[in-house]
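Text of the file start_32.txt, holding compact mmCIF, C-alpha atoms (C1' of nucleotides):
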```txt
# COMPACT_ATOMS: atom_id res chain seq x y z
CA MET A 1199 -8.86 48.84 99.08
CA THR A 1200 -6.06 46.93 97.37
CA GLU A 1201 -2.54 47.85 98.30
CA VAL A 1202 -0.31 49.17 95.53
CA ARG A 1203 2.71 46.97 94.96
CA VAL A 1204 6.10 48.24 93.95
CA PRO A 1205 6.85 46.85 90.45
CA ALA A 1206 9.45 44.12 90.07
CA GLY A 1207 12.76 45.60 89.03
CA TRP A 1208 11.99 48.97 90.58
CA PRO A 1209 15.26 50.81 91.31
CA ALA A 1210 16.59 49.99 94.77
CA THR A 1211 19.58 52.31 94.86
CA PRO A 1212 20.22 55.94 93.92
CA GLU A 1213 22.64 54.74 91.25
CA ALA A 1214 20.00 52.53 89.63
CA ALA A 1215 17.41 55.29 89.84
CA ARG A 1216 19.72 57.81 88.14
CA ALA A 1217 20.46 55.26 85.42
CA GLU A 1218 16.73 54.89 84.84
CA GLN A 1219 16.34 58.66 84.52
CA ASP A 1220 19.19 58.75 82.03
CA ARG A 1221 17.54 55.97 80.03
CA LEU A 1222 14.14 57.70 79.87
CA ARG A 1223 15.24 61.31 79.48
CA PRO A 1224 15.75 61.08 75.69
CA LEU A 1225 12.09 60.08 75.35
CA VAL A 1226 10.77 63.41 76.65
CA ASP A 1227 8.94 65.46 74.02
CA LEU A 1228 9.99 69.09 74.43
CA VAL A 1229 8.33 70.30 71.25
CA GLY A 1230 4.74 70.42 72.38
CA PRO A 1231 3.07 72.82 72.15
CA GLY A 1232 0.42 70.61 73.75
CA PRO A 1233 -3.32 71.17 74.04
CA THR A 1234 -4.23 74.87 74.05
CA ALA A 1235 -7.74 74.21 75.31
CA PRO A 1236 -7.66 70.87 77.13
CA ARG A 1237 -11.06 69.64 78.29
CA LEU A 1238 -9.96 67.18 80.97
CA VAL A 1239 -7.13 68.30 83.24
CA ALA A 1240 -5.83 66.02 85.97
CA GLY A 1241 -4.21 67.04 89.22
CA LEU A 1242 -1.95 64.55 91.01
CA ASP A 1243 -0.74 64.58 94.58
CA VAL A 1244 0.38 62.25 97.36
CA ALA A 1245 -0.02 62.40 101.14
CA TYR A 1246 2.16 60.52 103.62
CA ALA A 1247 1.26 58.93 106.92
CA GLU A 1248 3.12 60.08 110.00
CA ASP A 1249 5.31 57.01 109.95
CA GLY A 1250 6.55 58.10 106.54
CA ASP A 1251 5.93 54.66 105.11
CA ARG A 1252 2.30 54.55 104.07
CA LEU A 1253 1.00 56.90 101.41
CA ALA A 1254 -2.09 57.73 99.40
CA ALA A 1255 -1.95 58.99 95.81
CA ALA A 1256 -4.87 60.82 94.24
CA VAL A 1257 -5.69 61.87 90.71
CA VAL A 1258 -8.57 64.28 90.28
CA VAL A 1259 -9.85 65.21 86.83
CA LEU A 1260 -11.44 68.61 86.35
CA ASP A 1261 -13.42 69.99 83.45
CA ALA A 1262 -11.07 72.78 82.44
CA ALA A 1263 -13.83 75.22 81.57
CA SER A 1264 -15.83 74.98 84.79
CA LEU A 1265 -13.08 73.64 87.08
CA THR A 1266 -15.53 71.11 88.43
CA VAL A 1267 -14.58 67.53 89.31
CA VAL A 1268 -15.61 65.00 86.68
CA ASP A 1269 -13.52 61.99 87.68
CA ALA A 1270 -11.15 60.86 90.41
CA ALA A 1271 -9.20 57.87 91.65
CA VAL A 1272 -7.03 57.09 94.64
CA ALA A 1273 -4.47 54.43 95.49
CA VAL A 1274 -2.88 53.58 98.82
CA GLY A 1275 0.39 51.80 99.36
CA ARG A 1276 3.87 52.13 100.72
CA VAL A 1277 6.72 54.43 99.83
CA ALA A 1278 8.65 52.90 96.92
CA PHE A 1279 12.00 54.63 97.49
CA GLY A 1280 13.79 56.69 100.10
CA TYR A 1281 13.57 60.44 99.78
CA VAL A 1282 16.50 61.75 97.80
CA PRO A 1283 16.26 65.19 96.18
CA GLY A 1284 16.32 64.61 92.43
CA LEU A 1285 14.97 61.07 92.79
CA PHE A 1286 11.73 62.06 94.38
CA ALA A 1287 9.60 60.52 91.61
CA PHE A 1288 10.64 56.99 92.53
CA ARG A 1289 8.78 57.29 95.80
CA GLU A 1290 5.35 58.08 94.41
CA LEU A 1291 5.29 56.82 90.83
CA PRO A 1292 3.87 53.33 91.48
CA ALA A 1293 0.93 54.70 93.48
CA LEU A 1294 0.28 57.56 91.05
CA LEU A 1295 0.31 55.25 88.03
CA ASP A 1296 -2.05 52.89 89.83
CA ALA A 1297 -4.48 55.74 90.50
CA LEU A 1298 -4.22 56.92 86.87
CA ASP A 1299 -5.16 53.44 85.69
CA ARG A 1300 -8.38 53.65 87.64
CA LEU A 1301 -9.69 56.71 85.83
CA THR A 1302 -12.68 56.34 83.55
CA ALA A 1303 -10.86 58.01 80.68
CA PRO A 1304 -7.36 59.39 80.16
CA PRO A 1305 -7.14 63.15 80.78
CA ASP A 1306 -5.78 65.64 78.22
CA LEU A 1307 -3.15 67.05 80.58
CA LEU A 1308 -1.42 66.05 83.80
CA VAL A 1309 -0.59 68.75 86.35
CA CYS A 1310 2.01 67.32 88.71
CA ASP A 1311 2.96 68.40 92.22
CA GLY A 1312 6.68 68.82 91.67
CA HIS A 1313 9.02 69.76 88.82
CA GLY A 1314 9.49 68.63 85.25
CA LEU A 1315 12.52 69.95 83.38
CA ALA A 1316 13.43 72.14 86.34
CA HIS A 1317 15.52 69.29 87.67
CA PRO A 1318 19.29 68.75 87.99
CA ARG A 1319 19.23 66.13 85.21
CA ARG A 1320 16.19 67.59 83.42
CA PHE A 1321 13.96 64.69 84.38
CA GLY A 1322 11.69 65.50 87.28
CA LEU A 1323 8.44 63.81 88.24
CA ALA A 1324 6.39 65.56 85.54
CA CYS A 1325 8.75 64.32 82.79
CA HIS A 1326 8.76 60.82 84.23
CA LEU A 1327 4.97 60.63 84.46
CA GLY A 1328 4.60 62.09 80.99
CA VAL A 1329 6.94 59.59 79.39
CA LEU A 1330 5.42 56.59 81.17
CA THR A 1331 1.84 57.55 80.32
CA GLY A 1332 2.45 59.24 76.98
CA LEU A 1333 0.23 62.11 78.14
CA PRO A 1334 1.02 65.84 78.04
CA ALA A 1335 2.35 66.81 81.47
CA ILE A 1336 3.58 69.86 83.34
CA GLY A 1337 5.14 70.36 86.74
CA VAL A 1338 4.09 72.96 89.30
CA GLY A 1339 6.42 73.20 92.27
CA LYS A 1340 5.87 75.23 95.44
CA THR A 1341 9.59 75.58 96.15
CA PRO A 1342 12.67 75.49 93.88
CA LEU A 1343 14.88 72.47 93.36
CA THR A 1344 17.45 73.90 90.99
CA GLY A 1345 18.12 77.11 89.07
CA THR A 1346 18.22 80.85 89.64
CA TRP A 1347 15.70 83.58 88.94
CA ASP A 1348 14.72 87.18 89.52
CA PRO A 1349 11.56 87.84 91.52
CA PRO A 1350 8.63 88.32 89.13
CA ALA A 1351 6.64 91.59 89.33
CA SER A 1352 3.85 91.70 91.90
CA PRO A 1353 0.70 91.41 89.73
CA ARG A 1354 -0.83 87.99 89.05
CA GLY A 1355 0.38 86.69 85.70
CA SER A 1356 3.87 88.18 86.04
CA TRP A 1357 6.72 85.76 85.58
CA SER A 1358 10.48 85.44 85.17
CA ASP A 1359 12.73 82.79 83.69
CA LEU A 1360 13.99 79.96 85.84
CA ARG A 1361 17.49 79.28 84.56
CA ASP A 1362 19.96 76.55 85.32
CA GLY A 1363 23.35 77.00 83.71
CA ALA A 1364 22.73 77.81 80.06
CA ASP A 1365 19.19 76.39 80.08
CA THR A 1366 15.85 78.01 80.70
CA VAL A 1367 14.27 75.17 82.61
CA GLY A 1368 11.02 76.76 83.70
CA ARG A 1369 9.19 79.85 84.81
CA VAL A 1370 8.62 81.52 88.16
CA LEU A 1371 4.96 82.50 87.98
CA ARG A 1372 2.88 84.78 90.16
CA THR A 1373 -0.60 83.28 90.34
CA ARG A 1374 -1.84 85.79 92.96
CA ASP A 1375 -1.00 89.47 93.46
CA GLY A 1376 1.88 89.83 95.87
CA VAL A 1377 1.89 86.18 96.86
CA LYS A 1378 4.89 83.85 96.70
CA PRO A 1379 5.18 82.55 93.12
CA VAL A 1380 5.07 78.94 91.90
CA PHE A 1381 7.63 77.17 89.72
CA VAL A 1382 6.26 75.97 86.40
CA SER A 1383 8.15 73.63 84.10
CA VAL A 1384 7.50 71.42 81.11
CA GLY A 1385 7.02 67.73 81.70
CA HIS A 1386 6.18 66.12 78.38
CA ARG A 1387 4.50 67.12 75.10
CA MET A 1388 4.05 70.72 76.27
CA GLY A 1389 5.62 74.09 75.54
CA LEU A 1390 6.54 76.48 78.36
CA ASP A 1391 4.26 79.28 77.16
CA ASN A 1392 1.30 76.92 77.01
CA ALA A 1393 2.16 75.43 80.38
CA THR A 1394 2.19 78.91 81.91
CA ASP A 1395 -1.19 79.73 80.36
CA GLN A 1396 -2.72 76.52 81.64
CA VAL A 1397 -1.48 77.04 85.19
CA LEU A 1398 -2.85 80.58 85.29
CA ALA A 1399 -6.21 79.41 83.98
CA LEU A 1400 -6.31 76.72 86.63
CA SER A 1401 -5.49 79.17 89.43
CA PRO A 1402 -8.23 81.85 89.39
CA ASP A 1403 -8.57 82.20 93.16
CA TYR A 1404 -5.64 80.64 94.97
CA ARG A 1405 -1.87 80.36 94.68
CA LEU A 1406 -2.00 76.72 93.61
CA PRO A 1407 -3.96 75.29 90.65
CA GLU A 1408 -7.41 73.93 91.48
CA THR A 1409 -6.20 70.57 90.17
CA THR A 1410 -3.49 70.40 92.80
CA ARG A 1411 -5.82 71.59 95.54
CA ALA A 1412 -8.43 69.00 94.67
CA ALA A 1413 -5.88 66.18 94.55
CA ASP A 1414 -4.33 67.32 97.82
CA ARG A 1415 -7.69 67.17 99.59
CA MET A 1416 -8.49 63.78 98.15
CA CYS A 1417 -5.27 62.00 99.07
CA ARG A 1418 -5.40 63.40 102.60
CA GLN A 1419 -8.92 62.18 103.18
CA ALA A 1420 -8.03 58.80 101.68
CA LEU A 1421 -5.12 58.50 104.07
CA ALA A 1422 -7.34 59.43 107.01
CA GLY A 1423 -9.69 56.64 105.99
CA GLN A 1424 -6.80 54.21 106.16
CA VAL A 1425 -5.81 55.02 109.73
CA GLY A 1426 -5.76 51.97 111.91
CA ARG A 1427 -6.25 49.54 109.05
CA VAL A 1428 -3.88 46.70 108.40
CA SER A 1429 -2.62 45.76 104.96
CA PRO A 1430 -5.11 43.35 103.38
CA ARG A 1431 -4.21 39.71 103.26
C1' DG B 1226 35.57 70.96 101.21
C1' DC B 1227 30.83 73.33 102.35
C1' DG B 1228 25.95 74.17 101.69
C1' DA B 1229 21.45 73.18 99.12
C1' DC B 1230 18.24 69.97 98.17
C1' DA B 1231 10.73 68.89 94.48
C1' DG B 1232 7.53 66.09 98.35
C1' DA C 534 5.87 65.34 103.33
C1' DT C 535 4.51 65.96 108.51
C1' DC C 536 4.73 67.90 113.40
C1' DT C 537 1.98 72.64 115.15
C1' DT C 538 -0.75 78.30 117.94
C1' DG C 539 -1.54 82.23 117.30
C1' DT C 540 -1.88 86.10 114.49
C1' DC C 541 -2.28 89.68 110.92
C1' DG C 542 -5.40 91.11 107.24
C1' DC C 543 -9.23 91.27 103.81
```
Can you give me the file's structure in the form of structure tokens?
Amino acid sequence: MTEVRVPAGWPATPEAARAEQDRLRPLVDLVGPGPTAPRLVAGLDVAYAEDGDRLAAAVVVLDAASLTVVDAAVAVGRVAFGYVPGLFAFRELPALLDALDRLTAPPDLLVCDGHGLAHPRRFGLACHLGVLTGLPAIGVGKTPLTGTWDPPASPRGSWSDLRDGADTVGRVLRTRDGVKPVFVSVGHRMGLDNATDQVLALSPDYRLPETTRAADRMCRQALAGQVGRVSPR
DNA sequence: GCGACAG
DNA sequence: ATCTTGTCGC
């Protein structure tokens, strides 16, 4: 499999990365409301090798009605940036975009593993991916990055606002009765109500959306298949 | 100044 | 993210 290359001009310092976020942030579409009944929903996730250098990015497309896999693509490469909270997207973006390019057809919605607007500068991975692809995107995080909230009620479907300063940047959503909630936020071309509905519909049986679960499995197996291999020459 | 900090 | 055993509960 071909190795993903980091694009020329990719930010090399935190300062350059923040400048890039500031440049792209105005391009985010916060109006939405986005597709109410998307047919093709993509889940994106990345797995890292133990050395923390190699990674595999997977995009799995599900038929939203049946939640069955209809398309998928994977890309392997190397980490494109050091891990810095708030600049997380710069690590995985090249590999994720490469995988997206390999899909048969563009999906109607991207479900990202990480936050969108629920970010210190309102430009998390889901916003970044949305702007670069032009596709509707939402972020689903397992743990918070910024903001405060009250615990949502126990029943599945309950939620509370995720607020950061004067902004409502997302929603803390219970996808399973009595189970730790997930953090939903808008990425691009989506409204928060719609994003919440989509995440609930994608999570009928487990805490995380089926899209995320499918992508997680795929990138892990792809990484396992890379063990011991040397970068192609 | 001191913590907290997506994956 | 990843390293990791057992354990409680449906």
Shell of 7 Å around Gly1230 in chain A, only C-alpha atoms (C1' of nucleotides), local chain residues under 4 positions omitted, as a PyMOL selection string: chain A and resi 1387-1389
Using all atoms listed in the file, find the one residue out of A:Leu1343, A:Leu1294, A:Ala1263, A:Leu1222 that sits nearest to DA1229 in chain B.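 The closest residue to DA1229 in chain B is A:Leu1343.
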Rank A:Gly1275, A:Gly1241, A:Gly1337, A:Pro1205 by their smallest atom-to-atom distance to chain B, using only C-alpha atoms (C1' of nucleotides), and report the top residue only. A:Gly1337
Define the interface residues of chain A facing chain B as those within 6 Å, counting all atoms listed in the file, and report them as a list of chain:residue names. A:Pro1283, A:Gly1312, A:His1313, A:Leu1343
Would you write out, as a Markdown table, a table of all residues in chain C that have an atom no more than 10 Å from an atom of chain A, listing for each the closest atom pair and the distance in Å to one decimal, considering only C-alpha atoms (C1' of nucleotides) and ordering rows by chain and rising residue number?
```
| residue | atom | partner | partner_atom | distance |
| --- | --- | --- | --- | --- |
| C:DA534 | C1' | A:Tyr1246 | CA | 6.1 |
| C:DT535 | C1' | A:Glu1248 | CA | 6.2 |
| C:DC536 | C1' | A:Glu1248 | CA | 8.7 |
```
Given the choices A:Pro1318, A:Pro1233, A:Gly1368, A:Pro1304, which gets closest to Gln1219 in chain A if the distance is worked out from only C-alpha atoms?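 Closest candidate: A:Pro1318.
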Return as JSON the box centre and box size in Å, one decimal, for an axis-aligned box around all listed atoms of chain C padded by 5 Å per side.
```
{"center_x": -1.7, "center_y": 78.3, "center_z": 110.6, "size_x": 25.1, "size_y": 35.9, "size_z": 24.6}
```
As a check of understanding: the span from CA of Arg1415 in chain A to CA of Val1258 in chain A is 9.8 Å
Could you work out how far CA of Ile1336 in chain A lies from CA of Gly1314 in chain A, giving the answer in Å with one decimal? 6.3 Å
For Asp1243 in chain A, find every residue with an atom within 10 Å (counting all atoms listed in the file), except residues of its own chain fewer than 5 positions away, and show them as a list of chain:residue names. A:Ala1254, A:Ala1255, A:Ala1256, A:Val1257, A:Val1258, A:Val1272, A:Glu1290, A:Leu1294, A:Val1309, A:Cys1310, A:Asp1311, A:Gly1312, A:Thr1409, A:Thr1410, A:Arg1411, A:Ala1412, A:Ala1413, A:Asp1414, A:Arg1415, A:Met1416, A:Cys1417, A:Arg1418, B:DG1232
Quick one: everything within 8 Å of Arg1405 in chain A, counting all atoms listed in the file, minus sequence neighbours fewer than 2 positions away in the same chain. Send it as a ChimeraX atom specification. /A:1372-1374,1377-1380,1401,1403,1407
One number please: CA of Val1274 in chain A to CA of Gln1424 in chain A, in Å, one decimal.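 Distance between the two atoms: 8.3 Å.
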